[in-house]
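K.L.:
What follows is a structure written as structure tokens; I'll ask about it next.
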Amino acid sequence: MVRNPSLRRRLLLFVAAPLLAVLVCGGIINYVIGLHYANKVYDRWLMDSANAMGDLVNSDAGRNELSAQARILLQFSVKDRNQFAVRSLRYGVLAGDQDLPQPSPKTSHGSPVFTNFTDHGLAMRMASVFIDNKADPGDVLVISTAETVHKRQALARELLVSTVPIELLLICVAMALVWFGINRGLRVLDPLAHELRMRDAGDLSPLRTIDAPIEVQPLVATIDALLSRLDRMLRQQQRFIADAAHQLRTPLAGLRLQAERALADPSPDTVREALVHVERLSAGTARAAGQLLALARAQAPDEALGAAAPLDLAGLVRDEVASRVPEAISRGIDLGYRGPEHGIIVIGDGVLLRELLGNLIDNAARYGSRGNGVVTVGLQADDAGGCVLSVQDNGPGVAPELIPRLGERFFRAVGNGHEGTGLGLAIVREIAERHSADLAFVNHSDPHGLRVEIRFPPVATG
Ligand SMILES: Nc1ncnc2c1ncn2[C@@H]1O[C@H](COP(=O)(O)OP(=O)(O)OP(=O)(O)O)[C@@H](O)[C@H]1O
Ligand SMILES: [Mg+2]
């Protein structure tokens with residue numbers, strides 16, 4: 001079973017890693033500081049020894065030699081190996097170790113000089129003082145005392161070791177506090193989880209009202225956007241069901257009435273008359289069902305449709321018009337296409353675009369001029385890089401005050417003399433919106449008629 005990543009653990013890790021790095025850095029800094037102070041203390045001791053030796057040498061003026069006791073004292077050390085040397089600038093090494101490096105008196109300016117060097121692989125530190133030779137005025141004695149640095153390093157290590165447990169303890173306490181803080185901090189998500197848990201299935205109102213912290217706001221905004229999409233879809237579905245019920249109830253009631261009429265009076269004339277009505281009503285019902293389904297398809301969420309792809313609108317329009325010519329001829333309508341044969345590309349859904357065109361041609365044929373109807377479908381590229389699809393008839397057009405209502409569901413101009421569901425232009429509007437196209441209705445005076453224009457945006461390249 002795959003375990004989901006834990007936010008708590010991740011936060012703790014992000015805090016623990018830097019804390020550990022701080023511990024290591026702190027240890028190094030402690031060691032360096034410890035070494036610095038150990039050096040200071042032991043340097044002082046070395047310098048004092050050199051000064052004391054200088055006093056001893058000068059006190060026995062004329063001999064410039066150390067007594068045997070002084071030698072033993074200076075060379076004695078529990079942990080370190082000690083060395084010393086007494087040099088005269090004039091006579092060379094008077095006593096002690098010949099191999100000790102000699103500091104230059106010029107660098108000293110009267111103060112002691114400290115030198116680091118290695119002797120047989122051992123790190124050594126040496127303090128040198130310069131004093132006037134009382135036995136030989138004008139000569140300078142250089143007194144050097146040196147020792148290995150074991151003591152200093154041991155002291156620094158001791159200091160380090162003594163601080164590590166305290167630091168570890170502090171880090172443990174800090175981690176415990178961080179863990180506590182993270183747990184407390186994450187509790188701000190509880191009200192959000194509670195609110196979502198307690199929600200009614202039908203309550204799709206936004207969560208925005210909750211006092212969510214600023215970091216959680218993007219999550220709340222995403223949930224709100226999802227809720228609002230769900231709300232819109234649910235409303236659409238409810239409207240569709242209401243529309244469908246409304247559209248089907250009336251013709252079904254009519255069908256029932258005709259059937260009752262025929263049953264009540266089975267004379268051939270009445271039955272025939274009822275059947276004529278039944279035929280008309282069932283054709284209307286079938287058309288209404290078809291239009292409702294087309295509207296539902298046009299409103300379906302993007303995922304439910306095929307992915308929009310570039311398609312040749314010119315070829316699609318040409319074919320669609322051609323397929324409708326025989327029916328137009330049978331209705332006495334001159335249906336034609338004016339535009340290129342191919343080569344006008346839009347991003348879209350071919351099935352929906354055919355639906356759109358079918359509804360417009362159907363309206364133009366139905367509400368256009370009677371007897372000598374002329375319906376022209378046009379397609380041309382526009383200056384902006386898009387294209388304009390138009391369907392024009394030579395009928396009476398639509399009263400200007402009604403034009404804004406075209407595209408409303410179930411809107412039908414009174415007295416247009418035809419039966420219909422009033423959904424055709426609503427379907428056209430939905431499909432145009434899906435393709436980010438603009439829909440416009442224009443009444444023409446010469447020749448008289450309605451022109452419907454759909455302006456498609458340019459195809460984005462790259
Ligand atoms: N070309 C046109 N000329 C004049 N009036 C039109 C034209 N096209 C549409 N109309 C008016 O707009 C109304 C709405 O048209 P729409 O296509 O939406 O519905 P419908 O044709 O009545 O029904 P449906 O197309 O769903 O069967 C029509 O009833 C008609 O009055
Ligand atoms: Mg129509």
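Chain lettering (A, B, ...) mirrors the order of the structure tokens, residue numbering begins at 1 for each chain separately, and ligand numbering begins at 1 in order of display.
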When the cut-off is 9 Å and you count only C-alpha atoms and all ligand atoms, which residues lie near ligand 2, shown as a list in words?
P.N.:
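Listing the residues within 9 Å of ligand 2 gives Asn359, Leu360, Ile361, Asp362, Asn363, Ala364, Arg366, Tyr367, Arg412, Gly420, Thr421, Gly422, Leu423, Gly424 and Leu425 of chain A.
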K.L.:
For the residues selected in the previous step, produce a file with N, CA and C atoms as a PDB file, in the first residue's frame.
P.N.:
```pdb
ATOM      1  N   ASN A 359     -29.216  24.637 -38.240  1.00  0.00           N
ATOM      2  CA  ASN A 359     -30.272  25.442 -37.613  1.00  0.00           C
ATOM      3  C   ASN A 359     -30.463  26.767 -38.353  1.00  0.00           C
ATOM      4  N   LEU A 360     -29.360  27.386 -38.762  1.00  0.00           N
ATOM      5  CA  LEU A 360     -29.467  28.679 -39.447  1.00  0.00           C
ATOM      6  C   LEU A 360     -30.121  28.517 -40.818  1.00  0.00           C
ATOM      7  N   ILE A 361     -29.711  27.457 -41.546  1.00  0.00           N
ATOM      8  CA  ILE A 361     -30.307  27.234 -42.873  1.00  0.00           C
ATOM      9  C   ILE A 361     -31.789  26.904 -42.715  1.00  0.00           C
ATOM     10  N   ASP A 362     -32.107  26.116 -41.689  1.00  0.00           N
ATOM     11  CA  ASP A 362     -33.501  25.739 -41.444  1.00  0.00           C
ATOM     12  C   ASP A 362     -34.352  26.977 -41.161  1.00  0.00           C
ATOM     13  N   ASN A 363     -33.829  27.896 -40.316  1.00  0.00           N
ATOM     14  CA  ASN A 363     -34.564  29.128 -40.022  1.00  0.00           C
ATOM     15  C   ASN A 363     -34.746  29.966 -41.281  1.00  0.00           C
ATOM     16  N   ALA A 364     -33.638  30.137 -42.038  1.00  0.00           N
ATOM     17  CA  ALA A 364     -33.702  30.985 -43.237  1.00  0.00           C
ATOM     18  C   ALA A 364     -34.724  30.421 -44.216  1.00  0.00           C
ATOM     19  N   ARG A 366     -37.263  28.469 -43.417  1.00  0.00           N
ATOM     20  CA  ARG A 366     -38.608  28.479 -42.839  1.00  0.00           C
ATOM     21  C   ARG A 366     -39.226  29.873 -42.755  1.00  0.00           C
ATOM     22  N   TYR A 367     -38.397  30.827 -42.291  1.00  0.00           N
ATOM     23  CA  TYR A 367     -38.963  32.170 -42.052  1.00  0.00           C
ATOM     24  C   TYR A 367     -38.644  33.141 -43.173  1.00  0.00           C
ATOM     25  N   ARG A 412     -39.875  32.777 -29.484  1.00  0.00           N
ATOM     26  CA  ARG A 412     -40.398  32.669 -30.861  1.00  0.00           C
ATOM     27  C   ARG A 412     -41.176  33.940 -31.143  1.00  0.00           C
ATOM     28  N   GLY A 420     -42.367  25.444 -34.116  1.00  0.00           N
ATOM     29  CA  GLY A 420     -40.958  25.270 -33.766  1.00  0.00           C
ATOM     30  C   GLY A 420     -40.838  25.202 -32.250  1.00  0.00           C
ATOM     31  N   THR A 421     -39.667  24.870 -31.788  1.00  0.00           N
ATOM     32  CA  THR A 421     -39.487  24.751 -30.338  1.00  0.00           C
ATOM     33  C   THR A 421     -38.903  26.021 -29.738  1.00  0.00           C
ATOM     34  N   GLY A 422     -38.341  26.885 -30.574  1.00  0.00           N
ATOM     35  CA  GLY A 422     -37.703  28.103 -30.058  1.00  0.00           C
ATOM     36  C   GLY A 422     -36.324  27.821 -29.458  1.00  0.00           C
ATOM     37  N   LEU A 423     -35.727  26.702 -29.866  1.00  0.00           N
ATOM     38  CA  LEU A 423     -34.391  26.368 -29.319  1.00  0.00           C
ATOM     39  C   LEU A 423     -33.275  26.506 -30.350  1.00  0.00           C
ATOM     40  N   GLY A 424     -33.636  26.620 -31.626  1.00  0.00           N
ATOM     41  CA  GLY A 424     -32.634  26.621 -32.696  1.00  0.00           C
ATOM     42  C   GLY A 424     -31.537  27.660 -32.476  1.00  0.00           C
ATOM     43  N   LEU A 425     -31.930  28.930 -32.232  1.00  0.00           N
ATOM     44  CA  LEU A 425     -30.920  29.986 -32.092  1.00  0.00           C
ATOM     45  C   LEU A 425     -30.187  29.895 -30.747  1.00  0.00           C
TER      46      LEU A 425
END
```
K.L.:
Do you know which residues are at most 7 Å from stretch 436-442 of chain A counting only C-alpha atoms, after dropping those on the same chain fewer than 2 positions away, and could you put them as a short mmCIF file (atom, residue, chain, number, x, y, z; two decimals) with N, CA and C atoms, in the first residue's frame?
P.N.:
```
data_model
loop_
_atom_site.label_atom_id
_atom_site.label_comp_id
_atom_site.auth_asym_id
_atom_site.auth_seq_id
_atom_site.Cartn_x
_atom_site.Cartn_y
_atom_site.Cartn_z
N ILE A 403 -34.72 41.70 -31.89
CA ILE A 403 -33.38 41.14 -32.21
C ILE A 403 -32.58 40.77 -30.96
N ARG A 429 -26.27 29.93 -30.47
CA ARG A 429 -25.51 30.81 -29.55
C ARG A 429 -24.51 30.00 -28.71
N ALA A 432 -21.61 28.87 -30.89
CA ALA A 432 -20.74 30.01 -31.22
C ALA A 432 -19.86 30.34 -30.02
N GLU A 433 -20.47 30.38 -28.81
CA GLU A 433 -19.69 30.69 -27.60
C GLU A 433 -18.58 29.67 -27.37
N ARG A 434 -18.93 28.42 -27.60
CA ARG A 434 -17.90 27.36 -27.41
C ARG A 434 -16.71 27.56 -28.31
N HIS A 444 -31.42 43.24 -43.21
CA HIS A 444 -31.00 43.91 -44.46
C HIS A 444 -32.20 44.51 -45.14
N LEU A 450 -33.03 38.68 -43.24
CA LEU A 450 -32.19 38.59 -42.03
C LEU A 450 -30.85 37.97 -42.40
N ARG A 451 -29.80 38.59 -41.86
CA ARG A 451 -28.46 38.02 -42.08
C ARG A 451 -27.89 37.68 -40.71
N VAL A 452 -27.50 36.43 -40.53
CA VAL A 452 -26.89 36.00 -39.26
C VAL A 452 -25.39 35.83 -39.54
N GLU A 453 -24.59 36.47 -38.71
CA GLU A 453 -23.14 36.42 -38.91
C GLU A 453 -22.45 35.78 -37.71
N ILE A 454 -21.52 34.90 -37.99
CA ILE A 454 -20.71 34.31 -36.92
C ILE A 454 -19.25 34.59 -37.25
N ARG A 455 -18.61 35.36 -36.35
CA ARG A 455 -17.22 35.79 -36.60
C ARG A 455 -16.27 34.93 -35.75
N PHE A 456 -15.47 34.11 -36.42
CA PHE A 456 -14.53 33.22 -35.72
C PHE A 456 -13.20 33.94 -35.49
N PRO A 457 -12.60 33.72 -34.32
CA PRO A 457 -11.30 34.39 -34.06
C PRO A 457 -10.19 33.73 -34.87
#
```
K.L.:
As an MDAnalysis selection string, please: all residues of stretch 88-263 of chain A that backbone DSSP puts in strand (DSSP E).
P.N.:
chainID A and resid 88 92:96 113:119 122:132 140:148
K.L.:
Create the file for the chosen residues now, containing N, CA and C atoms and written as a CSV table (one decimal), in the first residue's frame.
P.N.:
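Once everything was written out, this is again.csv:
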```csv
chain,number,residue,atom,x,y,z
A,88,SER,N,72.9,34.2,22.0
A,88,SER,CA,73.5,35.6,22.0
A,88,SER,C,73.6,36.0,20.6
A,92,GLY,N,76.2,33.4,19.5
A,92,GLY,CA,75.5,32.2,19.1
A,92,GLY,C,74.8,31.5,20.3
A,93,VAL,N,74.5,30.2,20.1
A,93,VAL,CA,73.7,29.5,21.1
A,93,VAL,C,74.6,29.3,22.4
A,94,LEU,N,74.1,29.8,23.5
A,94,LEU,CA,74.8,29.7,24.8
A,94,LEU,C,74.4,28.4,25.5
A,95,ALA,N,73.1,28.1,25.4
A,95,ALA,CA,72.5,27.0,26.2
A,95,ALA,C,71.3,26.5,25.4
A,96,GLY,N,70.9,25.2,25.7
A,96,GLY,CA,69.7,24.7,25.2
A,96,GLY,C,69.8,24.0,23.9
A,113,VAL,N,57.9,37.2,20.7
A,113,VAL,CA,57.6,36.7,19.3
A,113,VAL,C,57.1,35.3,19.5
A,114,PHE,N,56.0,34.9,18.8
A,114,PHE,CA,55.5,33.6,18.9
A,114,PHE,C,55.7,32.9,17.5
A,115,THR,N,56.2,31.7,17.5
A,115,THR,CA,56.5,31.1,16.2
A,115,THR,C,55.9,29.6,16.2
A,116,ASN,N,55.3,29.2,15.1
A,116,ASN,CA,54.8,27.8,15.0
A,116,ASN,C,55.8,27.1,14.1
A,117,PHE,N,56.1,25.9,14.4
A,117,PHE,CA,57.0,25.1,13.6
A,117,PHE,C,56.8,23.6,13.9
A,118,THR,N,57.4,22.7,13.1
A,118,THR,CA,57.2,21.3,13.3
A,118,THR,C,58.6,20.7,13.6
A,119,ASP,N,58.6,19.8,14.6
A,119,ASP,CA,59.9,19.2,14.9
A,119,ASP,C,59.7,17.7,15.0
A,122,LEU,N,56.1,16.8,14.9
A,122,LEU,CA,55.3,17.3,16.0
A,122,LEU,C,55.1,18.8,15.8
A,123,ALA,N,53.8,19.2,16.0
A,123,ALA,CA,53.5,20.7,15.9
A,123,ALA,C,54.0,21.3,17.1
A,124,MET,N,54.8,22.4,17.0
A,124,MET,CA,55.4,23.1,18.2
A,124,MET,C,55.0,24.5,18.1
A,125,ARG,N,55.0,25.2,19.3
A,125,ARG,CA,54.8,26.6,19.4
A,125,ARG,C,55.9,27.2,20.3
A,126,MET,N,56.5,28.3,19.9
A,126,MET,CA,57.7,28.8,20.6
A,126,MET,C,57.4,30.3,20.9
A,127,ALA,N,57.8,30.7,22.1
A,127,ALA,CA,57.8,32.1,22.5
A,127,ALA,C,59.3,32.6,22.7
A,128,SER,N,59.6,33.7,22.1
A,128,SER,CA,61.0,34.3,22.2
A,128,SER,C,60.9,35.7,22.8
A,129,VAL,N,61.8,36.0,23.8
A,129,VAL,CA,61.9,37.3,24.3
A,129,VAL,C,63.4,37.8,24.0
A,130,PHE,N,63.5,39.1,23.9
A,130,PHE,CA,64.8,39.7,23.6
A,130,PHE,C,65.2,40.6,24.7
A,131,ILE,N,66.4,40.3,25.3
A,131,ILE,CA,66.8,41.1,26.5
A,131,ILE,C,68.3,41.5,26.3
A,132,ASP,N,68.7,42.6,26.8
A,132,ASP,CA,70.0,43.1,26.7
A,132,ASP,C,71.0,42.2,27.6
A,140,VAL,N,72.6,41.2,22.5
A,140,VAL,CA,71.2,40.9,22.8
A,140,VAL,C,71.1,39.4,23.0
A,141,LEU,N,70.4,39.0,24.1
A,141,LEU,CA,70.1,37.6,24.3
A,141,LEU,C,68.7,37.3,23.8
A,142,VAL,N,68.6,36.2,23.1
A,142,VAL,CA,67.2,35.7,22.6
A,142,VAL,C,66.9,34.5,23.4
A,143,ILE,N,65.9,34.6,24.3
A,143,ILE,CA,65.5,33.4,25.1
A,143,ILE,C,64.3,32.8,24.5
A,144,SER,N,64.3,31.6,24.0
A,144,SER,CA,63.2,30.9,23.4
A,144,SER,C,62.8,29.7,24.2
A,145,THR,N,61.5,29.6,24.4
A,145,THR,CA,60.9,28.4,25.1
A,145,THR,C,59.9,27.8,24.1
A,146,ALA,N,59.9,26.5,23.9
A,146,ALA,CA,58.9,25.9,22.9
A,146,ALA,C,58.3,24.7,23.5
A,147,GLU,N,57.1,24.4,23.0
A,147,GLU,CA,56.5,23.1,23.5
A,147,GLU,C,55.6,22.6,22.4
A,148,THR,N,55.3,21.3,22.5
A,148,THR,CA,54.3,20.7,21.5
A,148,THR,C,52.9,21.3,21.9
```
K.L.:
Let me make sure I understand: among A:Ala52, A:Val346, A:Leu255, A:Leu292, which one has the smallest atom-to-atom distance to ligand 1 if we use only C-alpha atoms and all ligand atoms?
P.N.:
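When distances to ligand 1 are compared using only C-alpha atoms and all ligand atoms, the smallest one comes from A:Leu292.
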K.L.:
Skipping near chain neighbours, those fewer than 5 positions away, what residues fall within 12 Å of A:Asp446 using only C-alpha atoms, listed as an MDAnalysis selection string?
P.N.:
chainID A and resid 392:397 451
K.L.:
Emit the selected residues as a PDB file, in the first residue's frame, including N, CA and C atoms.
P.N.:
```
ATOM      1  N   GLN A 392     -27.885  34.243 -45.042  1.00  0.00           N
ATOM      2  CA  GLN A 392     -28.782  35.370 -45.350  1.00  0.00           C
ATOM      3  C   GLN A 392     -29.987  34.869 -46.129  1.00  0.00           C
ATOM      4  N   ASP A 393     -31.177  35.428 -45.781  1.00  0.00           N
ATOM      5  CA  ASP A 393     -32.386  35.060 -46.538  1.00  0.00           C
ATOM      6  C   ASP A 393     -33.015  36.324 -47.103  1.00  0.00           C
ATOM      7  N   ASN A 394     -34.078  36.158 -47.858  1.00  0.00           N
ATOM      8  CA  ASN A 394     -34.750  37.334 -48.421  1.00  0.00           C
ATOM      9  C   ASN A 394     -36.170  37.446 -47.858  1.00  0.00           C
ATOM     10  N   GLY A 395     -36.274  37.115 -46.565  1.00  0.00           N
ATOM     11  CA  GLY A 395     -37.591  37.152 -45.908  1.00  0.00           C
ATOM     12  C   GLY A 395     -37.858  38.491 -45.244  1.00  0.00           C
ATOM     13  N   PRO A 396     -38.830  38.517 -44.322  1.00  0.00           N
ATOM     14  CA  PRO A 396     -39.230  39.793 -43.695  1.00  0.00           C
ATOM     15  C   PRO A 396     -38.255  40.281 -42.623  1.00  0.00           C
ATOM     16  N   GLY A 397     -37.304  39.419 -42.210  1.00  0.00           N
ATOM     17  CA  GLY A 397     -36.382  39.804 -41.139  1.00  0.00           C
ATOM     18  C   GLY A 397     -37.079  39.741 -39.776  1.00  0.00           C
ATOM     19  N   ARG A 451     -29.805  38.587 -41.859  1.00  0.00           N
ATOM     20  CA  ARG A 451     -28.465  38.024 -42.082  1.00  0.00           C
ATOM     21  C   ARG A 451     -27.885  37.681 -40.710  1.00  0.00           C
TER      22      ARG A 451
END
```
K.L.:
Excluding stretch 314-329 of chain A and its own-chain neighbours fewer than 2 positions away, which residues fall within 9 Å of it when counting only C-alpha atoms? Please give them as an NGL selection string.
P.N.:
:A and (311-312 or 331-345 or 350 or 353-354 or 357-358 or 361 or 365 or 377-380 or 389)
K.L.:
Write out as a PyMOL selection string the set of residues from stretch 322-401 of chain A that DSSP, computed on the backbone, places in helix (DSSP H, G or I).
P.N.:
chain A and resi 322-330+350-367+400-401
